[in-house]
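Text of work-v3.cif, listed as mmCIF, C-alpha atoms:
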data_entry
#
loop_
_atom_site.label_atom_id
_atom_site.label_comp_id
_atom_site.auth_asym_id
_atom_site.auth_seq_id
_atom_site.Cartn_x
_atom_site.Cartn_y
_atom_site.Cartn_z
CA MET Y 455 7.29 29.36 5.08
CA ILE Y 456 3.84 29.96 6.57
CA GLU Y 457 4.45 33.67 6.30
CA LEU Y 458 5.38 33.25 2.66
CA GLN Y 459 2.24 31.23 1.93
CA LYS Y 460 0.06 33.81 3.62
CA HIS Y 461 1.72 36.58 1.70
CA GLY Y 462 1.44 34.65 -1.56
CA LYS Y 463 -2.25 33.99 -1.02
CA ARG Y 464 -2.98 37.64 -0.33
CA GLU Y 465 -1.20 38.68 -3.51
CA PHE Y 466 -3.20 36.11 -5.49
CA GLU Y 467 -6.47 37.41 -4.07
CA LEU Y 468 -5.58 40.94 -5.03
CA LEU Y 469 -4.89 39.90 -8.59
CA THR Y 470 -8.20 38.05 -8.92
CA PRO Y 471 -10.77 39.81 -6.79
CA GLU Y 472 -13.85 37.65 -6.28
CA ALA Y 473 -17.29 39.13 -5.93
CA PRO Y 474 -20.40 37.08 -5.21
CA LEU Y 475 -22.86 37.02 -8.09
CA ASP Y 476 -25.96 37.27 -5.93
CA VAL Y 477 -29.38 38.56 -7.02
CA MET Y 478 -28.84 42.08 -5.66
CA THR Y 479 -25.63 42.30 -7.72
CA LEU Y 480 -27.52 41.01 -10.76
CA LEU Y 481 -30.17 43.68 -10.21
CA SER Y 482 -27.62 46.47 -10.09
CA MET Y 483 -25.80 45.38 -13.27
CA PRO Y 484 -26.28 47.08 -16.63
CA ASP Y 485 -28.89 45.25 -18.71
CA HIS Y 486 -26.48 43.79 -21.26
CA LEU Y 487 -24.26 42.19 -18.60
CA ARG Y 488 -27.21 40.97 -16.51
CA LYS Y 489 -28.53 38.99 -19.44
CA THR Y 490 -25.18 37.24 -19.88
CA ALA Y 491 -24.66 36.67 -16.13
CA MET Y 492 -28.15 35.23 -15.68
CA THR Y 493 -27.62 32.84 -18.54
CA VAL Y 494 -24.44 31.52 -16.92
CA CYS Y 495 -26.39 31.20 -13.63
CA ARG Y 496 -28.97 29.05 -15.39
CA LEU Y 497 -26.51 26.95 -17.39
CA GLY Y 498 -24.04 26.54 -14.53
CA ARG Y 499 -21.03 26.31 -16.83
CA ALA Y 500 -21.00 27.43 -20.42
CA THR Y 501 -18.97 28.53 -23.42
CA ALA Y 502 -19.57 31.87 -25.15
CA ASP Y 503 -21.27 29.94 -27.94
CA GLU Y 504 -23.72 28.25 -25.55
CA VAL Y 505 -24.54 31.58 -23.90
CA ALA Y 506 -25.02 33.24 -27.31
CA LYS Y 507 -27.53 30.54 -28.32
CA GLN Y 508 -29.64 31.38 -25.25
CA THR Y 509 -29.42 35.16 -25.48
CA ARG Y 510 -29.65 35.23 -29.29
CA ARG Y 511 -26.76 37.63 -29.48
CA ALA Y 512 -23.53 37.19 -31.42
CA ARG Y 513 -20.89 34.86 -29.98
CA ALA Y 514 -18.23 37.59 -30.15
CA VAL Y 515 -20.48 39.95 -28.18
CA GLU Y 516 -21.09 37.33 -25.48
CA SER Y 517 -17.41 36.52 -25.38
CA ALA Y 518 -16.63 40.17 -24.64
CA TYR Y 519 -19.32 40.39 -21.92
CA LEU Y 520 -18.22 37.11 -20.33
CA ASN Y 521 -14.61 38.28 -20.18
CA GLN Y 522 -15.76 41.55 -18.68
CA LEU Y 523 -17.61 39.59 -15.96
CA VAL Y 524 -14.40 37.62 -15.32
CA ILE Y 525 -12.41 40.84 -14.89
CA MET Y 526 -15.09 42.14 -12.53
CA GLY Y 527 -14.58 38.99 -10.43
CA TYR Y 528 -18.09 37.55 -10.89
CA LEU Y 529 -17.14 34.64 -13.15
CA LYS Y 530 -14.25 32.21 -13.51
CA LYS Y 531 -12.80 31.12 -16.81
CA GLU Y 532 -11.24 27.77 -17.56
CA ARG Y 533 -9.64 26.67 -20.82
CA LYS Y 534 -10.00 23.12 -22.03
CA GLY Y 535 -8.32 22.59 -25.39
CA ARG Y 536 -9.75 25.13 -27.79
CA LYS Y 537 -12.79 25.86 -25.63
CA ALA Y 538 -13.13 28.36 -22.81
CA TYR Y 539 -15.71 27.61 -20.12
CA PHE Y 540 -17.24 30.27 -17.89
CA TYR Y 541 -18.75 29.46 -14.49
CA ILE Y 542 -19.58 30.90 -11.09
CA ASP Y 543 -17.08 29.88 -8.47
CA LYS Y 544 -19.40 28.94 -5.60
CA GLU Y 545 -16.92 26.90 -3.62
CA GLY Y 546 -13.95 29.24 -3.70
CA GLN Y 547 -15.84 32.13 -2.16
CA GLY Y 548 -15.65 31.76 1.58
CA MET P 926 -40.59 20.00 -19.37
CA GLY P 927 -41.99 21.23 -16.06
CA LYS P 928 -42.38 24.78 -14.84
CA ILE P 929 -41.33 26.68 -11.75
CA VAL P 930 -43.99 29.13 -10.58
CA ALA P 931 -43.17 31.73 -7.91
CA VAL P 932 -46.06 33.36 -6.05
CA HIS P 933 -44.98 36.80 -4.87
CA SER P 934 -46.41 40.15 -3.76
CA TYR P 935 -45.27 43.60 -2.75
CA LYS P 936 -47.08 43.67 0.57
CA GLY P 937 -47.82 41.01 3.13
CA GLY P 938 -51.30 39.65 3.70
CA THR P 939 -52.23 39.59 0.02
CA GLY P 940 -52.95 35.85 0.13
CA LYS P 941 -49.75 34.36 -1.30
CA THR P 942 -49.79 31.29 0.92
CA ILE P 943 -53.48 30.51 0.34
CA ILE P 944 -53.08 31.09 -3.39
CA SER P 945 -49.90 29.03 -3.74
CA THR P 946 -51.23 26.14 -1.65
CA ASN P 947 -54.58 25.97 -3.41
CA LEU P 948 -53.00 26.49 -6.83
CA ALA P 949 -50.55 23.64 -6.18
CA VAL P 950 -53.33 21.31 -5.02
CA THR P 951 -55.52 22.29 -7.99
CA LEU P 952 -52.67 21.54 -10.41
CA ALA P 953 -52.18 18.16 -8.70
CA LYS P 954 -55.88 17.45 -9.07
CA LEU P 955 -55.55 18.23 -12.79
CA GLY P 956 -53.21 15.23 -12.92
CA ARG P 957 -49.90 17.03 -12.62
CA LYS P 958 -47.06 16.07 -10.29
CA VAL P 959 -46.56 19.10 -8.07
CA CYS P 960 -44.15 20.23 -5.39
CA LEU P 961 -45.10 23.15 -3.14
CA MET P 962 -42.25 24.93 -1.35
CA ASP P 963 -42.34 27.46 1.46
CA LEU P 964 -39.60 30.00 0.74
CA ASP P 965 -40.99 32.50 3.23
CA PHE P 966 -38.17 31.98 5.71
CA ARG P 967 -39.05 35.16 7.64
CA ALA P 968 -42.56 33.97 8.47
CA PRO P 969 -42.95 30.29 7.58
CA SER P 970 -46.57 29.21 7.47
CA LEU P 971 -46.99 26.00 5.45
CA SER P 972 -46.01 23.73 8.35
CA THR P 973 -48.86 25.25 10.39
CA LEU P 974 -51.34 25.32 7.51
CA LEU P 975 -50.66 21.68 6.70
CA ASN P 976 -50.34 20.76 10.38
CA LEU P 977 -46.99 19.01 9.99
CA ASN P 978 -44.77 18.22 12.94
CA ASN P 979 -41.72 15.97 13.25
CA VAL P 980 -40.16 17.21 10.04
CA GLU P 981 -36.82 15.51 9.40
CA CYS P 982 -35.29 18.04 7.00
CA TRP P 983 -36.33 21.57 6.15
CA LEU P 984 -35.73 23.63 3.02
CA ASN P 985 -33.38 25.65 5.23
CA ASP P 986 -31.16 22.55 5.46
CA TYR P 987 -31.26 22.01 1.69
CA LEU P 988 -30.22 25.61 1.04
CA ASN P 989 -27.54 25.31 3.74
CA GLY P 990 -26.16 22.36 1.78
CA VAL P 991 -26.52 19.86 4.63
CA CYS P 992 -29.17 17.62 3.11
CA GLU P 993 -30.49 16.58 -0.27
CA ILE P 994 -33.87 17.64 -1.63
CA ASP P 995 -35.30 14.08 -1.40
CA LYS P 996 -35.10 14.23 2.38
CA VAL P 997 -36.91 17.57 2.45
CA LEU P 998 -39.91 16.59 0.36
CA ILE P 999 -42.93 15.23 2.20
CA ASP P 1000 -45.49 13.23 0.24
CA LEU P 1001 -48.95 14.61 1.05
CA SER P 1002 -50.74 13.05 -1.94
CA ALA P 1003 -53.00 10.96 0.31
CA ARG P 1004 -54.38 14.14 1.91
CA ILE P 1005 -55.80 15.32 -1.40
CA GLY P 1006 -56.90 11.88 -2.53
CA GLY P 1007 -54.02 11.45 -4.96
CA GLN P 1008 -51.02 9.22 -5.43
CA LYS P 1009 -47.43 10.46 -5.67
CA ASN P 1010 -48.60 13.77 -7.09
CA PHE P 1011 -48.41 16.30 -4.25
CA PHE P 1012 -45.23 16.95 -2.27
CA VAL P 1013 -44.22 19.81 0.00
CA GLY P 1014 -40.93 21.31 1.20
CA LEU P 1015 -41.18 23.35 4.38
CA ALA P 1016 -39.41 26.32 5.92
CA ASN P 1017 -38.36 25.86 9.53
CA PRO P 1018 -40.68 28.03 11.68
CA SER P 1019 -38.49 28.09 14.81
CA VAL P 1020 -37.29 31.53 15.88
CA GLU P 1021 -33.71 30.27 15.84
CA ALA P 1022 -34.04 29.19 12.20
CA ILE P 1023 -35.67 32.48 11.21
CA ARG P 1024 -32.86 34.37 12.91
CA ASP P 1025 -30.28 32.18 11.16
CA MET P 1026 -31.87 32.76 7.75
CA SER P 1027 -32.07 36.52 8.32
CA SER P 1028 -28.37 36.81 8.94
CA LYS P 1029 -27.03 35.13 5.80
CA ASP P 1030 -24.45 36.98 3.73
CA ARG P 1031 -24.29 37.59 -0.03
CA LYS P 1032 -22.11 34.57 -0.69
CA TRP P 1033 -24.59 32.29 1.03
CA GLU P 1034 -27.46 33.83 -0.95
CA MET P 1035 -25.51 33.26 -4.15
CA ARG P 1036 -25.08 29.58 -3.30
CA ALA P 1037 -28.76 29.37 -2.30
CA LEU P 1038 -29.69 30.69 -5.75
CA GLY P 1039 -27.50 27.97 -7.28
CA ARG P 1040 -29.29 25.31 -5.24
CA LEU P 1041 -32.70 26.68 -6.19
CA LEU P 1042 -31.71 26.72 -9.87
CA SER P 1043 -30.52 23.12 -9.61
CA LEU P 1044 -34.06 22.04 -8.60
CA ARG P 1045 -34.94 22.33 -12.28
CA ASN P 1046 -32.66 19.41 -12.99
CA SER P 1047 -33.23 17.36 -9.86
CA LEU P 1048 -37.01 17.70 -9.62
CA LEU P 1049 -38.37 18.67 -13.04
CA ASN P 1050 -36.01 16.67 -15.25
CA ASP P 1051 -34.93 13.71 -13.11
CA ARG P 1052 -37.95 13.10 -10.91
CA GLY P 1053 -40.62 14.06 -13.41
CA PHE P 1054 -42.30 16.88 -11.51
CA ASP P 1055 -44.55 19.04 -13.69
CA TYR P 1056 -44.63 22.02 -11.32
CA ILE P 1057 -42.67 23.53 -8.49
CA VAL P 1058 -44.78 26.20 -6.79
CA LEU P 1059 -42.76 28.58 -4.62
CA ASP P 1060 -44.45 30.54 -1.85
CA THR P 1061 -42.27 33.58 -1.10
CA SER P 1062 -41.78 36.43 1.38
CA PRO P 1063 -43.38 39.74 0.39
CA GLY P 1064 -41.33 42.59 -1.02
CA LEU P 1065 -37.73 42.73 -2.11
CA GLN P 1066 -35.88 40.18 -0.03
CA TYR P 1067 -33.10 37.84 -0.99
CA SER P 1068 -35.14 34.64 -0.66
CA SER P 1069 -37.97 36.09 -2.77
CA ILE P 1070 -35.71 37.49 -5.49
CA ASN P 1071 -33.84 34.16 -5.61
CA ALA P 1072 -37.20 32.46 -6.13
CA ILE P 1073 -38.13 34.95 -8.88
CA VAL P 1074 -34.83 34.40 -10.70
CA ALA P 1075 -35.30 30.62 -10.50
CA ALA P 1076 -38.92 30.77 -11.72
CA ASP P 1077 -40.36 30.50 -15.24
CA LEU P 1078 -43.51 32.34 -14.25
CA VAL P 1079 -44.11 34.89 -11.49
CA VAL P 1080 -47.66 35.12 -10.20
CA VAL P 1081 -48.11 38.39 -8.34
CA ALA P 1082 -50.88 38.63 -5.79
CA SER P 1083 -52.16 42.17 -5.36
CA THR P 1084 -55.12 43.74 -3.64
CA LEU P 1085 -56.66 46.99 -4.86
CA ASP P 1086 -55.15 48.84 -1.88
CA ASN P 1087 -53.41 51.91 -3.27
CA SER P 1088 -50.02 51.31 -1.64
CA ASP P 1089 -50.12 47.71 -2.86
CA VAL P 1090 -50.96 48.80 -6.42
CA GLU P 1091 -48.18 51.40 -6.51
CA GLY P 1092 -45.63 49.02 -4.96
CA THR P 1093 -46.59 46.23 -7.35
CA LYS P 1094 -46.17 48.62 -10.28
CA ARG P 1095 -42.68 49.51 -9.10
CA MET P 1096 -41.77 45.84 -8.69
CA LEU P 1097 -42.99 45.06 -12.19
CA ARG P 1098 -40.82 47.82 -13.62
CA ASP P 1099 -37.71 47.47 -11.45
CA LEU P 1100 -37.63 43.77 -10.66
CA TYR P 1101 -39.54 41.38 -12.90
CA ASP P 1102 -38.80 43.33 -16.08
CA LEU P 1103 -35.08 43.45 -15.32
CA PHE P 1104 -35.03 39.67 -14.98
CA GLU P 1105 -37.24 39.35 -18.08
CA LYS P 1106 -39.75 37.24 -16.20
CA LYS P 1107 -43.14 36.29 -17.52
CA THR P 1108 -45.55 37.78 -15.02
CA GLU P 1109 -49.27 37.40 -14.36
CA ILE P 1110 -51.37 39.28 -11.81
CA ILE P 1111 -53.97 37.86 -9.44
CA LEU P 1112 -56.26 40.47 -7.94
CA ASN P 1113 -57.20 39.15 -4.53
CA LYS P 1114 -59.79 40.23 -1.95
CA VAL P 1115 -61.70 42.23 -4.55
CA MET P 1116 -64.77 43.82 -2.98
CA TYR P 1117 -66.82 44.47 -6.13
CA GLY P 1118 -69.94 42.31 -6.11
CA ASN P 1119 -69.84 41.94 -9.89
CA ALA P 1120 -66.12 41.13 -10.12
CA LEU P 1121 -66.84 37.72 -11.59
CA THR P 1122 -69.65 38.70 -13.95
CA SER P 1123 -70.24 42.03 -15.67
CA GLY P 1124 -67.30 43.76 -13.95
CA ARG P 1125 -64.77 41.18 -15.09
CA ASP P 1126 -63.93 42.80 -18.42
CA LYS P 1127 -63.61 46.18 -16.75
CA LEU P 1128 -61.18 44.74 -14.18
CA GLN P 1129 -59.24 42.99 -16.94
CA ALA P 1130 -58.83 46.27 -18.83
CA MET P 1131 -57.97 48.12 -15.64
CA VAL P 1132 -55.19 45.64 -14.74
CA LYS P 1133 -53.76 45.79 -18.25
CA ASP P 1134 -53.87 49.57 -18.03
CA ILE P 1135 -52.34 49.84 -14.54
CA TYR P 1136 -49.75 47.08 -14.66
CA GLY P 1137 -49.23 46.34 -18.35
CA VAL P 1138 -49.25 42.58 -17.68
CA PRO P 1139 -52.00 39.99 -18.11
CA LEU P 1140 -54.55 39.22 -15.43
CA LEU P 1141 -54.49 35.58 -14.36
CA GLY P 1142 -57.64 35.88 -12.29
CA VAL P 1143 -59.79 37.81 -9.86
CA ILE P 1144 -60.60 36.44 -6.42
CA PRO P 1145 -63.42 38.25 -4.64
CA CYS P 1146 -63.25 38.74 -0.90
CA PHE P 1147 -64.70 35.43 0.28
CA CYS P 1148 -65.64 35.36 3.95
CA ASP P 1149 -65.65 31.53 3.76
CA VAL P 1150 -61.94 31.52 2.95
CA SER P 1151 -61.17 33.80 5.91
CA ARG P 1152 -63.51 31.78 8.11
CA ALA P 1153 -61.51 28.63 7.36
CA GLU P 1154 -58.71 30.35 9.33
CA GLY P 1155 -55.98 28.74 7.25
CA LYS P 1156 -56.67 25.33 8.74
CA ILE P 1157 -57.80 23.44 5.65
CA ILE P 1158 -56.81 22.97 2.03
CA PHE P 1159 -59.79 24.88 0.74
CA VAL P 1160 -60.03 23.54 -2.81
CA HIS P 1161 -59.92 19.97 -1.49
CA GLU P 1162 -62.45 20.39 1.30
CA LYS P 1163 -64.87 22.66 -0.61
CA PRO P 1164 -64.96 21.45 -4.21
CA GLU P 1165 -68.22 23.26 -4.99
CA HIS P 1166 -67.15 26.68 -3.70
CA PRO P 1167 -66.66 29.56 -6.22
CA PHE P 1168 -63.09 30.00 -4.87
CA THR P 1169 -62.32 26.43 -5.97
CA ARG P 1170 -63.78 27.13 -9.41
CA ILE P 1171 -61.62 30.27 -9.75
CA MET P 1172 -58.49 28.39 -8.70
CA GLY P 1173 -59.39 25.73 -11.27
CA GLU P 1174 -59.60 28.34 -14.03
CA MET P 1175 -56.28 29.89 -13.03
CA ALA P 1176 -54.53 26.50 -12.84
CA ALA P 1177 -55.85 25.58 -16.29
CA LYS P 1178 -54.59 28.93 -17.65
CA ILE P 1179 -51.11 28.35 -16.17
CA ASP P 1180 -51.09 24.84 -17.58
CA LYS P 1181 -51.74 26.21 -21.08
CA LEU P 1182 -49.12 28.98 -20.90
CA GLN P 1183 -46.19 28.55 -23.24
CA ILE P 1184 -43.14 29.55 -21.27
#

Could you express the structure from this file as structure tokens?
Amino acid sequence: MIELQKHGKREFELLTPEAPLDVMTLLSMPDHLRKTAMTVCRLGRATADEVAKQTRRARAVESAYLNQLVIMGYLKKERKGRKAYFYIDKEGQG
Amino acid sequence: MGKIVAVHSYKGGTGKTIISTNLAVTLAKLGRKVCLMDLDFRAPSLSTLLNLNNVECWLNDYLNGVCEIDKVLIDLSARIGGQKNFFVGLANPSVEAIRDMSSKDRKWEMRALGRLLSLRNSLLNDRGFDYIVLDTSPGLQYSSINAIVAADLVVVASTLDNSDVEGTKRMLRDLYDLFEKKTEIILNKVMYGNALTSGRDKLQAMVKDIYGVPLLGVIPCFCDVSRAEGKIIFVHEKPEHPFTRIMGEMAAKIDKLQI
């Protein structure tokens, strides 16, 4: 059972690689993603609409960038009803 | 809404600690509620400058997540003749603490950034602080870049030393610009005798030309400041000194900035 759990956990980690969104990572990001990532850093937890209001870019554009940051492992996404919230998973990372 | 001001520089010895301390005290004397924080974890100096022993909690502990910010802040208002308007948060100067802070990994630094960013809510919004002034380590280090990201305004102390000028230029281009930070330069230890009079406009134009950012102020090389050996809060002890007048002008400028 323990073996199974260990195995299961490893598989899960491979599917959702997590990378810390620290300042050096922010610095090395392309400009368009840095703007989005920094806004989430400031807001803590936000929808694409809330991020778009801060960056003054279109909601659809922010939505694409936020999802890209999720795929890259820097952000987490959580759905609540019709809304999707993006946040940095500080607790889950070690 | 309060502001977070980070005082940074490319090289060491440019006067960050003296500038941040005296700027914080000057802002407090202007009637603002100010918190000064030592984020120079590699070479902490505020505890020595302010002669504080028996500190219960350090900023190190706050960033480590083992204590709340209220326990870190020390009320020093009485020292500057004020009331509930000047607080400090200190970095632990013990070698063990410095070693511990130097060996943090990226995940820890990410959480530390989160805790610094949350000061905006806990101190500026909830506790009514008007300013948080962050004294940082020189150059590109995690603690300094975290402070820059958390700040609304970055005040960069630079001397006219060529390596300092070139390094500061690079930082402006490759660091502050990337984070879209509002930046102002303070030229410190300027040796020109006329820096405050006829040469002021020339220096202003030169800074704009070299750095492309506004000049917050020029501080000539004052022997009196060096002679004080970092043992006093200069602007409080020497209210008539030109250094105090310059700090007053810079504080007033910061206070007027729309950020």

Expand the PyMOL selection byres ((chain Y) within 10 of (chain P)) into the individual residues it matches in the shown file, reporting them as a ChimeraX atom specification. /Y:473-485,488-489,492,495-498,542-545,547-548

For the residues in that selection, give me C-alpha atoms as a CSV table (one decimal), in the frame of the given file.
chain,number,residue,atom,x,y,z
Y,473,ALA,CA,-17.3,39.1,-5.9
Y,474,PRO,CA,-20.4,37.1,-5.2
Y,475,LEU,CA,-22.9,37.0,-8.1
Y,476,ASP,CA,-26.0,37.3,-5.9
Y,477,VAL,CA,-29.4,38.6,-7.0
Y,478,MET,CA,-28.8,42.1,-5.7
Y,479,THR,CA,-25.6,42.3,-7.7
Y,480,LEU,CA,-27.5,41.0,-10.8
Y,481,LEU,CA,-30.2,43.7,-10.2
Y,482,SER,CA,-27.6,46.5,-10.1
Y,483,MET,CA,-25.8,45.4,-13.3
Y,484,PRO,CA,-26.3,47.1,-16.6
Y,485,ASP,CA,-28.9,45.2,-18.7
Y,488,ARG,CA,-27.2,41.0,-16.5
Y,489,LYS,CA,-28.5,39.0,-19.4
Y,492,MET,CA,-28.2,35.2,-15.7
Y,495,CYS,CA,-26.4,31.2,-13.6
Y,496,ARG,CA,-29.0,29.0,-15.4
Y,497,LEU,CA,-26.5,27.0,-17.4
Y,498,GLY,CA,-24.0,26.5,-14.5
Y,542,ILE,CA,-19.6,30.9,-11.1
Y,543,ASP,CA,-17.1,29.9,-8.5
Y,544,LYS,CA,-19.4,28.9,-5.6
Y,545,GLU,CA,-16.9,26.9,-3.6
Y,547,GLN,CA,-15.8,32.1,-2.2
Y,548,GLY,CA,-15.6,31.8,1.6

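Within 7 Å of region 1136-1152 of chain P there are Lys1094, Thr1108, Glu1109, Ile1110, Ile1111, Leu1112, Asn1113, Lys1114, Val1115, Met1116, Ala1120, Gln1129 and Met1175 of chain P, counting all atoms listed in the file and ignoring same-chain residues fewer than 6 positions away.
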
Writer output for current selection, C-alpha atoms, as a compact mmCIF listing (two decimals), keeping the file's coordinate frame:
# COMPACT_ATOMS: atom_id res chain seq x y z
CA LYS P 1094 -46.17 48.62 -10.28
CA THR P 1108 -45.55 37.78 -15.02
CA GLU P 1109 -49.27 37.40 -14.36
CA ILE P 1110 -51.37 39.28 -11.81
CA ILE P 1111 -53.97 37.86 -9.44
CA LEU P 1112 -56.26 40.47 -7.94
CA ASN P 1113 -57.20 39.15 -4.53
CA LYS P 1114 -59.79 40.23 -1.95
CA VAL P 1115 -61.70 42.23 -4.55
CA MET P 1116 -64.77 43.82 -2.98
CA ALA P 1120 -66.12 41.13 -10.12
CA GLN P 1129 -59.24 42.99 -16.94
CA MET P 1175 -56.28 29.89 -13.03

Name the residues that the PyMOL selection byres ((chain P and resi 1002) around 12) picks from the file above, as a list of chain:residue names, using the file's chain letters and numbers. P:Ala949, P:Val950, P:Ala953, P:Lys954, P:Gly956, P:Arg957, P:Lys958, P:Val959, P:Cys960, P:Leu961, P:Leu998, P:Ile999, P:Asp1000, P:Leu1001, P:Ala1003, P:Arg1004, P:Ile1005, P:Gly1006, P:Gly1007, P:Gln1008, P:Lys1009, P:Asn1010, P:Phe1011, P:Phe1012, P:Val1013, P:His1161

Just so the selection is clear, what residues does the PyMOL selection byres ((chain P and resi 1081) around 7) cover here, as a PyMOL selection string? chain P and resi 932-934+1079-1080+1082-1083+1109-1111

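You will find CA of Ala500 (chain Y) at 29.4 Å from CA of Leu1097 (chain P).
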
List as JSON, numbers by chain the protein and nucleic acid residues near region 514-527 of chain Y, meaning an atom at most 7 Å away when only C-alpha atoms are counted, but skip any in the same chain fewer than 3 places from it. {"Y": [470, 471, 472, 473, 487, 490, 502, 505, 506, 511, 530, 531]}

Option closest in space to Ile1184 (chain P), from P:Val1132, P:Ala1076, P:Ala1022, P:Val1160 [counting all atoms listed in the file]: P:Ala1076

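Relative to CA of Glu1174 (chain P), CA of Arg1125 (chain P) is found at 13.9 Å.
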
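Separating CA of Thr1169 (chain P) from CA of Leu948 (chain P) is a distance of 9.4 Å.
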
Pick out the residues sitting within 12 Å of Ser1047 (chain P), and hand them over as a ChimeraX atom specification; count only C-alpha atoms, and ignore anything fewer than 5 positions along from it in its own chain. /P:927,993-995,1040-1042,1052-1054,1057

How big is the axis-aligned box, and where does its centre sit, when it encloses all atoms of region 1028-1032 of chain P listed in the file and has 5 Å added on every side, reported in Å to one decimal as AutoDock Vina command-line options?
--center_x -25.2 --center_y 36.1 --center_z 4.1 --size_x 16.3 --size_y 13.0 --size_z 19.6

Env of region 968-983 of chain P: 8 Å cut, atoms = all atoms listed in the file, seq-sep filter 5 positions within chain, self excluded. Answer as a ChimeraX atom specification. /P:942,963,992,996-997,1014-1018,1023,1062,1155-1158
